[in-house]
Amino acid sequence: MNQSNFNEIDSINYNLKFESINETINLDEIEFHNTDFIRNNLIDSKFNNCYFDNVVFDNCDLSNAYFIKTYFKKVKFKDCKMLGSNIIDCTLNNTLIMESNLKYINLASTNIENTKFFNSNIEYSTFNEVKFSKALFDNVVLDNMRCYNTYFKDIDLSNCSIININIDLKCLKGAIINTVQVLDLVNLLGVIVKE
């Protein structure tokens with residue numbers, strides 16, 4: 001069912017489609033199941049304690065949005081803009097983020113499980129106490145990323161760009177990188193490489 005705005009939704013929603021909506025929304029304790037968000041402009045919106053199950057965000061602008069204590073299950077973000085958004089105390093489970101711009105995003109106290117980041121830009125982001133379980137980063141720009149108490153053990157970053165990241169070495173222990181990335185990370189040692 002097509003929805004023209006968010007004023008007519010229930011606390012639990014099934015099989016809805018929101019298309020070309022341009023508004024800032026504040027949603028608390030709302031569930032969306034089997035729902036499509038297509039070409040929506042939801043800049044500065046707030047999603048508090050919401051639940052998204054089998055949901056697609058396609059070509060949406062969620063810049064500067066706040067997702068707090070929100071659960072994402074089988075969610076797909078495709079060609080989305082999430083510049084400066086905040087994902088705090090959330091769970092991303094079996095989620096796909098592809099061909100999206102997440103520059104300056106802030107992820108804090110968030111669990112990322114069975115989630116794939118693909119062909120996306122996450123540079124200048126902050127990862128603060130993020131917990132990964134079977135996360136995949138494939139062709140992702142992570143340049144200038146800042147990480148605090150976020151461990152990349154068993155995470156393959158070998159085909160990602162990680163130039164000038166700010167991370168504690170203990171958080172990189174066990175991460176998978178390529179030989180060129182070793183040079184990108186040498187600055188974390190505080191040494192100068194001379195040719």
# chains A, B, ... in the order shown; residues from 1 in each chain; ligands from 1

$ residues_around --residues "Val55 (chain A)" --least-positions-apart "4" --cutoff "9 Å" --atoms "only C-alpha atoms" --output "ChimeraX atom specification"
/A:32-37,72-77

$ select_by_dssp --residues "chain A" --states "strand (DSSP E or B)" --output "number ranges by chain"
A: 2-3, 12-14, 17-19, 22, 26-28, 31-33, 36-38, 41, 46-48, 51-53, 56-58, 61, 66-68, 71-73, 76-78, 81, 86-88, 91-93, 96-98, 101, 106-108, 111-113, 116-118, 121, 126-128, 131-133, 136-138, 141, 146-148, 156, 161, 166, 176

$ closest_residue --among "A:Asn49, A:Ser161, A:Asn22, A:Thr91" --to "Leu62 (chain A)" --atoms "only C-alpha atoms"
A:Asn22

$ residues_around --residues "Glu31 (chain A)" --least-positions-apart "2" --cutoff "7 Å" --atoms "only C-alpha atoms" --output "ChimeraX atom specification"
/A:11-13,29,33,50-52

$ closest_residue --among "A:Asn149, A:Asn40, A:Asn106, A:Thr70" --to "Asn93 (chain A)" --atoms "only C-alpha atoms"
A:Thr70

$ residues_around --residues "Tyr124 (chain A)" --least-positions-apart "2" --cutoff "6 Å" --atoms "only C-alpha atoms" --output "mmCIF file with N, CA, C and O atoms, in the first residue's frame"
data_model
loop_
_atom_site.group_PDB
_atom_site.id
_atom_site.type_symbol
_atom_site.label_atom_id
_atom_site.label_comp_id
_atom_site.auth_asym_id
_atom_site.auth_seq_id
_atom_site.Cartn_x
_atom_site.Cartn_y
_atom_site.Cartn_z
ATOM 1 N N LYS A 103 29.531 9.077 4.495
ATOM 2 C CA LYS A 103 30.613 9.954 4.933
ATOM 3 C C LYS A 103 30.192 10.671 6.219
ATOM 4 O O LYS A 103 29.052 11.109 6.346
ATOM 5 N N TYR A 104 31.111 10.753 7.163
ATOM 6 C CA TYR A 104 30.917 11.410 8.467
ATOM 7 C C TYR A 104 29.899 10.701 9.368
ATOM 8 O O TYR A 104 29.420 11.277 10.330
ATOM 9 N N ASN A 144 40.429 8.134 6.698
ATOM 10 C CA ASN A 144 40.252 9.086 7.799
ATOM 11 C C ASN A 144 39.215 8.644 8.830
ATOM 12 O O ASN A 144 38.672 9.466 9.567
ATOM 13 N N MET A 145 38.942 7.361 8.881
ATOM 14 C CA MET A 145 38.014 6.810 9.871
ATOM 15 C C MET A 145 38.666 6.854 11.250
ATOM 16 O O MET A 145 39.859 6.622 11.388
#

$ residues_around --residues "region 110-117 of chain A" --least-positions-apart "3" --cutoff "10 Å" --atoms "only C-alpha atoms" --output "number ranges by chain"
A: 68-77, 87-100, 107, 120-122, 127-140, 150

$ closest_residue --among "A:Ile43, A:Leu142, A:Cys80, A:Val191" --to "Cys160 (chain A)" --atoms "only C-alpha atoms"
A:Leu142

$ select_by_dssp --residues "chain A" --states "helix (DSSP H, G or I)" --output "ChimeraX atom specification"
/A:169-172,179-189

$ closest_residue --among "A:Val180, A:Ala65, A:Val141, A:Ile167" --to "Ser45 (chain A)" --atoms "only C-alpha atoms"
A:Ala65

$ closest_residue --among "A:Leu42, A:Ile9, A:Leu169, A:Leu185" --to "Thr24 (chain A)" --atoms "only C-alpha atoms"
A:Leu42

$ atom_distance --atom1 "CA of Asp156 (chain A)" --atom2 "CA of Phe118 (chain A)"
12.4 Å

$ residues_around --residues "Lys153 (chain A)" --least-positions-apart "2" --cutoff "6 Å" --atoms "only C-alpha atoms" --output "PyMOL selection string"
chain A and resi 151+155+173-175

$ write_last_selection --atoms "N, CA and C atoms" --output "mmCIF file, in the first residue's frame"
data_model
loop_
_atom_site.group_PDB
_atom_site.id
_atom_site.type_symbol
_atom_site.label_atom_id
_atom_site.label_comp_id
_atom_site.auth_asym_id
_atom_site.auth_seq_id
_atom_site.Cartn_x
_atom_site.Cartn_y
_atom_site.Cartn_z
ATOM 1 N N TYR A 151 36.956 -3.545 17.387
ATOM 2 C CA TYR A 151 37.943 -4.553 16.994
ATOM 3 C C TYR A 151 37.608 -5.138 15.624
ATOM 4 N N ILE A 155 38.148 -9.385 10.171
ATOM 5 C CA ILE A 155 37.469 -8.575 9.160
ATOM 6 C C ILE A 155 38.442 -8.353 8.009
ATOM 7 N N LYS A 173 44.397 -5.853 15.443
ATOM 8 C CA LYS A 173 44.968 -7.200 15.574
ATOM 9 C C LYS A 173 44.013 -8.233 14.986
ATOM 10 N N GLY A 174 44.522 -9.010 14.043
ATOM 11 C CA GLY A 174 43.727 -10.056 13.410
ATOM 12 C C GLY A 174 42.948 -9.595 12.196
ATOM 13 N N ALA A 175 42.995 -8.296 11.866
ATOM 14 C CA ALA A 175 42.336 -7.814 10.646
ATOM 15 C C ALA A 175 43.115 -8.311 9.430
#

$ closest_residue --among "A:Lys17, A:Ser85, A:Cys147, A:Ile162" --to "Val186 (chain A)" --atoms "only C-alpha atoms"
A:Ile162
